[in-house]
>>> print(open('model_4.cif').read())   # mmCIF, C-alpha atoms
data_coords
loop_
_atom_site.label_atom_id
_atom_site.label_comp_id
_atom_site.auth_asym_id
_atom_site.auth_seq_id
_atom_site.Cartn_x
_atom_site.Cartn_y
_atom_site.Cartn_z
CA MET A 633 231.28 95.81 84.72
CA ARG A 634 231.07 98.50 82.09
CA TYR A 635 233.61 100.33 79.96
CA GLU A 636 232.55 103.85 79.04
CA ILE A 637 234.27 105.54 76.10
CA LEU A 638 231.49 107.92 74.99
CA GLY A 639 233.35 110.63 76.86
CA PRO A 640 236.65 110.39 78.74
CA LEU A 641 237.49 106.71 79.22
CA ARG A 642 236.44 105.20 82.53
CA ILE A 643 235.74 101.76 83.94
CA VAL A 644 232.53 101.48 85.96
CA ASP A 645 232.27 98.69 88.51
CA GLY A 646 229.07 98.84 90.52
CA ASN A 647 228.92 102.28 92.11
CA LYS A 648 232.67 102.86 91.66
CA TYR A 649 234.58 103.94 88.62
CA ALA A 650 238.24 103.99 87.69
CA THR A 651 240.18 106.15 85.27
CA ILE A 652 243.67 105.67 83.88
CA ASN A 653 246.20 108.41 84.53
CA ALA A 654 248.97 106.96 82.35
CA ARG A 655 248.20 108.33 78.89
CA LYS A 656 249.84 105.57 76.85
CA VAL A 657 248.15 102.83 78.88
CA GLU A 658 244.85 104.64 78.30
CA ILE A 659 245.48 104.65 74.55
CA VAL A 660 246.25 100.91 74.57
CA LEU A 661 243.02 100.14 76.44
CA SER A 662 241.06 102.45 74.12
CA VAL A 663 242.26 100.58 71.05
CA LEU A 664 241.62 97.16 72.59
CA LEU A 665 238.08 98.25 73.55
CA ILE A 666 237.37 99.57 70.06
CA ARG A 667 238.49 96.20 68.67
CA ALA A 668 237.11 94.13 71.56
CA ASP A 669 237.27 90.36 70.89
CA GLN A 670 239.49 91.04 67.87
CA VAL A 671 243.25 90.71 67.68
CA VAL A 672 245.11 94.01 67.42
CA SER A 673 248.65 93.65 66.10
CA LEU A 674 251.73 95.05 67.80
CA GLU A 675 252.29 97.35 64.84
CA GLN A 676 248.77 98.79 65.08
CA LEU A 677 249.11 99.41 68.81
CA MET A 678 252.50 101.05 68.43
CA LEU A 679 251.16 103.31 65.68
CA GLU A 680 248.35 104.46 67.97
CA VAL A 681 250.68 105.07 70.92
CA TRP A 682 253.64 106.74 69.19
CA GLY A 683 252.55 107.53 65.64
CA GLU A 684 255.24 107.15 62.98
CA ASP A 685 258.00 108.27 65.36
CA LEU A 686 258.65 104.98 67.19
CA PRO A 687 261.22 104.89 69.99
CA ARG A 688 264.02 102.32 69.75
CA ARG A 689 262.48 100.00 72.35
CA ALA A 690 258.85 100.44 71.30
CA THR A 691 258.02 96.73 71.48
CA ALA A 692 259.41 96.42 75.00
CA GLY A 693 257.56 99.58 76.02
CA LEU A 694 254.30 98.21 74.67
CA HIS A 695 254.74 95.00 76.68
CA VAL A 696 255.14 97.16 79.81
CA TYR A 697 251.89 99.01 79.09
CA ILE A 698 250.05 95.73 78.55
CA SER A 699 251.40 94.43 81.86
CA GLN A 700 250.25 97.59 83.64
CA LEU A 701 246.83 97.30 82.04
CA ARG A 702 246.45 93.69 83.13
CA LYS A 703 247.38 94.60 86.71
CA LEU A 704 244.84 97.41 86.73
CA LEU A 705 242.03 95.15 85.47
CA ARG A 706 242.86 92.47 88.03
CA ALA A 707 243.22 94.85 90.98
CA ARG A 708 240.41 97.34 90.43
CA CYS A 709 237.73 95.58 88.38
CA SER A 710 235.45 92.66 89.19
CA GLY A 711 234.39 91.94 85.60
CA ASP A 712 235.51 88.96 83.56
CA SER A 713 237.25 90.84 80.74
CA HIS A 714 240.97 90.26 80.30
CA VAL A 715 243.78 90.90 77.84
CA GLU A 716 245.18 87.85 76.05
CA THR A 717 248.39 87.52 74.06
CA ARG A 718 247.37 86.32 70.63
CA ALA A 719 249.64 86.44 67.56
CA PRO A 720 250.33 88.89 66.07
CA GLY A 721 249.40 91.03 69.09
CA TYR A 722 246.76 91.22 71.82
CA VAL A 723 243.01 90.88 72.23
CA LEU A 724 240.68 92.10 74.95
CA ARG A 725 238.10 89.41 75.75
CA LYS A 726 235.22 91.37 77.21
CA GLY A 727 233.18 88.38 78.38
CA HIS A 728 229.93 89.64 79.90
CA ASP A 729 231.24 93.16 80.48
CA GLU A 730 229.60 96.02 78.59
CA ILE A 731 231.04 98.72 76.35
CA ASP A 732 228.82 101.78 75.97
CA ALA A 733 230.06 102.43 72.42
CA HIS A 734 228.73 98.99 71.40
CA LEU A 735 225.34 99.63 72.98
CA PHE A 736 225.00 103.06 71.35
CA PRO A 737 224.76 101.93 67.68
CA GLN A 738 222.44 99.08 68.68
CA LEU A 739 219.99 101.58 70.18
CA VAL A 740 220.30 103.79 67.10
CA ASP A 741 219.63 100.85 64.76
CA THR A 742 216.56 99.86 66.78
CA GLY A 743 215.29 103.43 66.73
CA ARG A 744 215.88 103.70 62.99
CA SER A 745 213.79 100.57 62.36
CA LEU A 746 211.00 101.86 64.60
CA LEU A 747 211.03 105.21 62.80
CA ARG A 748 210.62 103.46 59.45
CA GLU A 749 207.62 101.62 60.92
CA LYS A 750 206.16 104.95 62.16
CA ARG A 751 206.33 103.74 65.76
CA LEU A 752 207.42 107.21 66.70
CA ASP A 753 207.17 107.17 70.50
CA ARG A 754 209.23 103.99 70.73
CA ALA A 755 211.75 105.31 68.20
CA ALA A 756 212.18 108.55 70.15
CA GLU A 757 212.77 106.56 73.35
CA GLN A 758 215.55 104.58 71.68
CA PHE A 759 217.24 107.68 70.29
CA GLU A 760 217.02 109.45 73.65
CA ALA A 761 218.50 106.43 75.43
CA ALA A 762 221.34 106.32 72.89
CA LEU A 763 222.18 110.00 73.31
CA ASP A 764 221.99 109.74 77.11
CA LEU A 765 225.05 107.46 76.98
CA TRP A 766 227.27 110.35 75.89
CA ARG A 767 229.30 112.30 78.49
CA GLY A 768 231.43 114.27 76.01
CA PRO A 769 233.54 113.62 72.89
CA ALA A 770 234.28 109.91 72.44
CA LEU A 771 237.40 108.92 74.40
CA GLY A 772 237.77 112.57 75.36
CA HIS A 773 238.81 113.07 71.72
CA GLY A 774 239.37 116.78 71.24
CA GLY A 775 239.09 117.32 74.97
CA SER A 776 241.20 116.31 77.95
CA GLY A 777 241.49 112.66 76.99
CA PRO A 778 244.18 110.91 74.96
CA ALA A 779 245.23 112.53 71.70
CA ALA A 780 245.00 109.95 68.95
CA ASN A 781 248.14 109.29 66.92
CA GLY A 782 246.80 106.52 64.74
CA PRO A 783 243.89 105.60 62.50
CA ILE A 784 241.97 103.28 64.86
CA ILE A 785 241.01 105.86 67.49
CA ASP A 786 240.67 108.65 64.91
CA GLY A 787 238.48 106.57 62.62
CA PHE A 788 236.30 105.22 65.41
CA SER A 789 235.80 108.65 66.96
CA THR A 790 234.83 110.10 63.58
CA TRP A 791 232.37 107.26 62.91
CA LEU A 792 230.78 107.61 66.34
CA ALA A 793 230.40 111.37 65.85
CA GLU A 794 228.60 110.81 62.54
CA VAL A 795 226.25 108.22 64.03
CA ARG A 796 225.52 110.62 66.90
CA LEU A 797 224.59 113.37 64.41
CA GLU A 798 222.31 110.97 62.55
CA CYS A 799 220.70 109.97 65.85
CA GLN A 800 220.11 113.62 66.78
CA GLU A 801 218.58 114.25 63.36
CA MET A 802 216.26 111.24 63.61
CA LEU A 803 215.19 112.20 67.14
CA ALA A 804 214.28 115.69 65.88
CA GLU A 805 212.32 114.06 63.05
CA CYS A 806 210.40 111.94 65.55
CA ARG A 807 209.51 115.00 67.61
CA LEU A 808 208.32 116.88 64.53
CA GLN A 809 206.19 113.97 63.39
CA LEU A 810 204.75 113.63 66.90
CA GLY A 811 203.77 117.30 66.97
CA ARG A 812 206.43 118.13 69.58
CA HIS A 813 207.75 120.99 67.44
CA ARG A 814 208.05 123.53 70.28
CA GLU A 815 210.16 121.06 72.22
CA ALA A 816 212.45 120.63 69.21
CA VAL A 817 213.22 124.32 68.63
CA GLY A 818 215.80 124.91 71.35
CA THR A 819 217.66 121.67 70.66
CA LEU A 820 217.82 122.43 66.93
CA TYR A 821 219.22 125.91 67.52
CA ALA A 822 221.97 124.32 69.64
CA LEU A 823 222.69 121.64 67.01
CA ILE A 824 223.01 124.28 64.30
CA ALA A 825 225.46 126.26 66.43
CA GLU A 826 227.59 123.10 66.72
CA ASN A 827 227.10 121.96 63.10
CA PRO A 828 226.60 125.09 60.97
CA MET A 829 227.06 123.25 57.64
CA ARG A 830 224.44 120.54 58.22
CA GLU A 831 221.42 121.65 56.20
CA SER A 832 219.05 119.03 57.60
CA PHE A 833 219.05 120.75 61.01
CA TYR A 834 218.11 124.08 59.42
CA ARG A 835 215.25 122.40 57.55
CA GLN A 836 213.94 120.82 60.74
CA LEU A 837 214.25 124.09 62.65
CA MET A 838 212.39 126.03 59.96
CA LEU A 839 209.56 123.51 60.06
CA ALA A 840 209.45 123.49 63.88
CA LEU A 841 209.29 127.29 63.98
CA TYR A 842 206.59 127.46 61.31
CA ARG A 843 204.47 124.94 63.19
CA SER A 844 205.00 127.02 66.34
CA GLU A 845 203.43 130.05 64.60
CA ARG A 846 206.83 131.71 64.12
CA GLN A 847 206.85 132.18 60.36
CA ALA A 848 209.20 135.18 60.44
CA ASP A 849 211.74 133.32 62.58
CA ALA A 850 211.58 130.35 60.21
CA LEU A 851 212.41 132.64 57.27
CA LYS A 852 215.28 134.21 59.26
CA VAL A 853 216.74 130.73 59.65
CA TYR A 854 216.69 130.34 55.87
CA GLN A 855 218.53 133.63 55.44
CA SER A 856 221.05 132.50 58.05
CA VAL A 857 221.86 129.21 56.33
CA ARG A 858 221.98 130.93 52.94
CA LYS A 859 224.54 133.43 54.23
CA THR A 860 226.57 130.70 55.95
CA LEU A 861 226.75 128.54 52.84
CA ASN A 862 227.55 131.51 50.61
CA ASP A 863 230.27 132.83 52.89
CA GLU A 864 231.89 129.47 53.60
CA MET A 865 231.43 127.55 50.37
CA GLY A 866 230.01 129.89 47.73
CA LEU A 867 226.90 127.69 47.61
CA GLU A 868 223.14 128.18 47.73
CA PRO A 869 220.95 126.07 50.05
CA GLY A 870 219.88 122.73 48.62
CA ARG A 871 216.53 122.03 46.98
CA PRO A 872 214.78 120.79 50.19
CA LEU A 873 215.54 124.07 51.97
CA GLN A 874 214.55 126.16 48.95
CA ASP A 875 211.27 124.28 48.58
CA LEU A 876 210.52 124.70 52.28
CA GLN A 877 211.21 128.44 52.14
CA ARG A 878 208.80 128.84 49.23
CA ALA A 879 206.13 126.80 51.02
CA ILE A 880 206.49 128.94 54.17
CA LEU A 881 206.26 132.16 52.13
CA ALA A 882 203.10 130.81 50.51
CA GLY A 883 201.63 129.85 53.90
CA ASP A 884 201.23 126.26 52.72
CA ARG A 885 198.98 124.62 55.32
CA ARG A 886 200.21 121.19 54.28
CA LEU A 887 203.32 121.92 56.32
CA MET A 888 201.17 121.65 59.43
CA ALA A 889 200.01 118.11 58.62
CA LEU A 890 201.41 115.33 60.79
CA PRO A 891 201.86 111.79 59.43
CA ALA A 892 199.78 109.00 60.93
CA ALA A 893 201.79 107.10 63.52
CA SER A 894 201.60 103.38 64.17
CA GLY A 895 201.19 101.90 67.65
CA ARG A 896 204.04 101.49 70.09
#
>>> encode(input="model_4.cif", output="structure tokens")
Amino acid sequence: MRYEILGPLRIVDGNKYATINARKVEIVLSVLLIRADQVVSLEQLMLEVWGEDLPRRATAGLHVYISQLRKLLRARCSGDSHVETRAPGYVLRKGHDEIDAHLFPQLVDTGRSLLREKRLDRAAEQFEAALDLWRGPALGHGGSGPAANGPIIDGFSTWLAEVRLECQEMLAECRLQLGRHREAVGTLYALIAENPMRESFYRQLMLALYRSERQADALKVYQSVRKTLNDEMGLEPGRPLQDLQRAILAGDRRLMALPAASGR
């Protein structure tokens, strides 16, 4: 069985999947999955469910949500995960069940190591597999899923989003080093539209365009990031972008050179 939280939360069991319609039960399961095999205290769970504005019978309400969650796991799922009472709260023992948000950083770490070793094809495969796990914002955060009231879901969602950006950046780097610059252009334009303050994507796009014999478009990208940074922050582009612009203006052929890659 597999828990998927890289998107709206769902439980996948073979070719079937289940979702949770009760928002507060969904939040409880989300927190227990984030902290799988770790005890989450009653106070932490109540903070996630209600924020600082706790109802008078919050503890009793939380016990009800745990009971409903246990019934759902027993009735609709064939995996061996279960929720245990463990002072000072509860723990989800996942057993042999999978959680996609645990697999995602493992794939990214493997890809990062392969990239350092210049095993570029293998690294790109790992990054692509990691990104393929995503179905939307983690836990539907910012979408139709549960709105986080506490630091566990907020912090985890923010961390996952940052790792995803790093993964996208490293995948683009692999493609550039493999000479797949034309393939990278469209993706980088989309990433910039979503992350207009991330200078590394502009740098990669400028290089991809230059290698695709689109020098003028590469220089337009520099003007775009310069205007964005000036308008939003009163800043100039960083040194890597400035150096790249000067190299493109000079027609520096070294920008076309690809690093030697190791074997798979």
>>> atom_distance(input="model_4.cif", atom1="CA of Val681 in chain A", atom2="CA of Gly727 in chain A")
25.3 Å
>>> atom_distance(input="model_4.cif", atom1="CA of Met838 in chain A", atom2="CA of Leu876 in chain A")
8.0 Å
>>> atom_distance(input="model_4.cif", atom1="CA of Leu797 in chain A", atom2="CA of Ala668 in chain A")
24.0 Å
>>> resolve_selection(input="model_4.cif", expression="the PyMOL selection byres ((chain A and resi 833) around 8)", output="number ranges by chain")
A: 801, 820, 823-824, 830-832, 834-837
>>> write_last_selection(input="model_4.cif", atoms="C-alpha atoms", output="PDB file, keeping the file's coordinate frame")
ATOM      1  CA  GLU A 801     218.580 114.250  63.360  1.00  0.00           C
ATOM      2  CA  LEU A 820     217.820 122.430  66.930  1.00  0.00           C
ATOM      3  CA  LEU A 823     222.690 121.640  67.010  1.00  0.00           C
ATOM      4  CA  ILE A 824     223.010 124.280  64.300  1.00  0.00           C
ATOM      5  CA  ARG A 830     224.440 120.540  58.220  1.00  0.00           C
ATOM      6  CA  GLU A 831     221.420 121.650  56.200  1.00  0.00           C
ATOM      7  CA  SER A 832     219.050 119.030  57.600  1.00  0.00           C
ATOM      8  CA  TYR A 834     218.110 124.080  59.420  1.00  0.00           C
ATOM      9  CA  ARG A 835     215.250 122.400  57.550  1.00  0.00           C
ATOM     10  CA  GLN A 836     213.940 120.820  60.740  1.00  0.00           C
ATOM     11  CA  LEU A 837     214.250 124.090  62.650  1.00  0.00           C
TER      12      LEU A 837
END
>>> closest_residue(input="model_4.cif", among="A:Leu694, A:Ala719, A:Ala822, A:Ala848", to="Leu661 in chain A", atoms="all atoms listed in the file")
A:Leu694
>>> closest_residue(input="model_4.cif", among="A:Leu890, A:Leu763, A:Gln855, A:Ala840", to="Leu810 in chain A", atoms="all atoms listed in the file")
A:Leu890
>>> residues_around(input="model_4.cif", residues="Phe759 in chain A", least_positions_apart="4", cutoff="7 Å", atoms="only C-alpha atoms", output="mmCIF file with C-alpha atoms, in the frame of the given file")
data_model
loop_
_atom_site.group_PDB
_atom_site.id
_atom_site.type_symbol
_atom_site.label_atom_id
_atom_site.label_comp_id
_atom_site.auth_asym_id
_atom_site.auth_seq_id
_atom_site.Cartn_x
_atom_site.Cartn_y
_atom_site.Cartn_z
ATOM 1 C CA LEU A 739 219.990 101.580 70.180
ATOM 2 C CA VAL A 740 220.300 103.790 67.100
ATOM 3 C CA GLY A 743 215.290 103.430 66.730
ATOM 4 C CA ALA A 755 211.750 105.310 68.200
ATOM 5 C CA LEU A 763 222.180 110.000 73.310
ATOM 6 C CA CYS A 799 220.700 109.970 65.850
ATOM 7 C CA LEU A 803 215.190 112.200 67.140
#
>>> resolve_selection(input="model_4.cif", expression="the PyMOL selection byres ((chain A and resi 879-888) around 8)", output="VMD selection string")
chain A and resid 839 842 to 843 847 851 875 to 878 889 to 890
>>> residues_around(input="model_4.cif", residues="Arg725 in chain A", least_positions_apart="2", cutoff="9 Å", atoms="all atoms listed in the file", output="PyMOL selection string")
chain A and resi 668-670+712-716+723+727
>>> residues_around(input="model_4.cif", residues="Gly639 in chain A", least_positions_apart="5", cutoff="8 Å", atoms="all atoms listed in the file", output="ChimeraX atom specification")
/A:766-773
>>> resolve_selection(input="model_4.cif", expression="the PyMOL selection byres ((chain A and resi 734) around 12)", output="PyMOL selection string")
chain A and resi 634-638+665-668+726+729-733+735-741+762+765+788+792
>>> residues_near_point(input="model_4.cif", point="(246.8, 92.8, 74.6)", cutoff="9 Å", atoms="all atoms listed in the file", output="number ranges by chain")
A: 660-661, 664, 671-674, 695, 698-699, 701-702, 714-718, 721-724
>>> residues_near_point(input="model_4.cif", point="(223.6, 129.9, 49.7)", cutoff="12 Å", atoms="only C-alpha atoms", output="PyMOL selection string")
chain A and resi 829+831+854-871+873-874
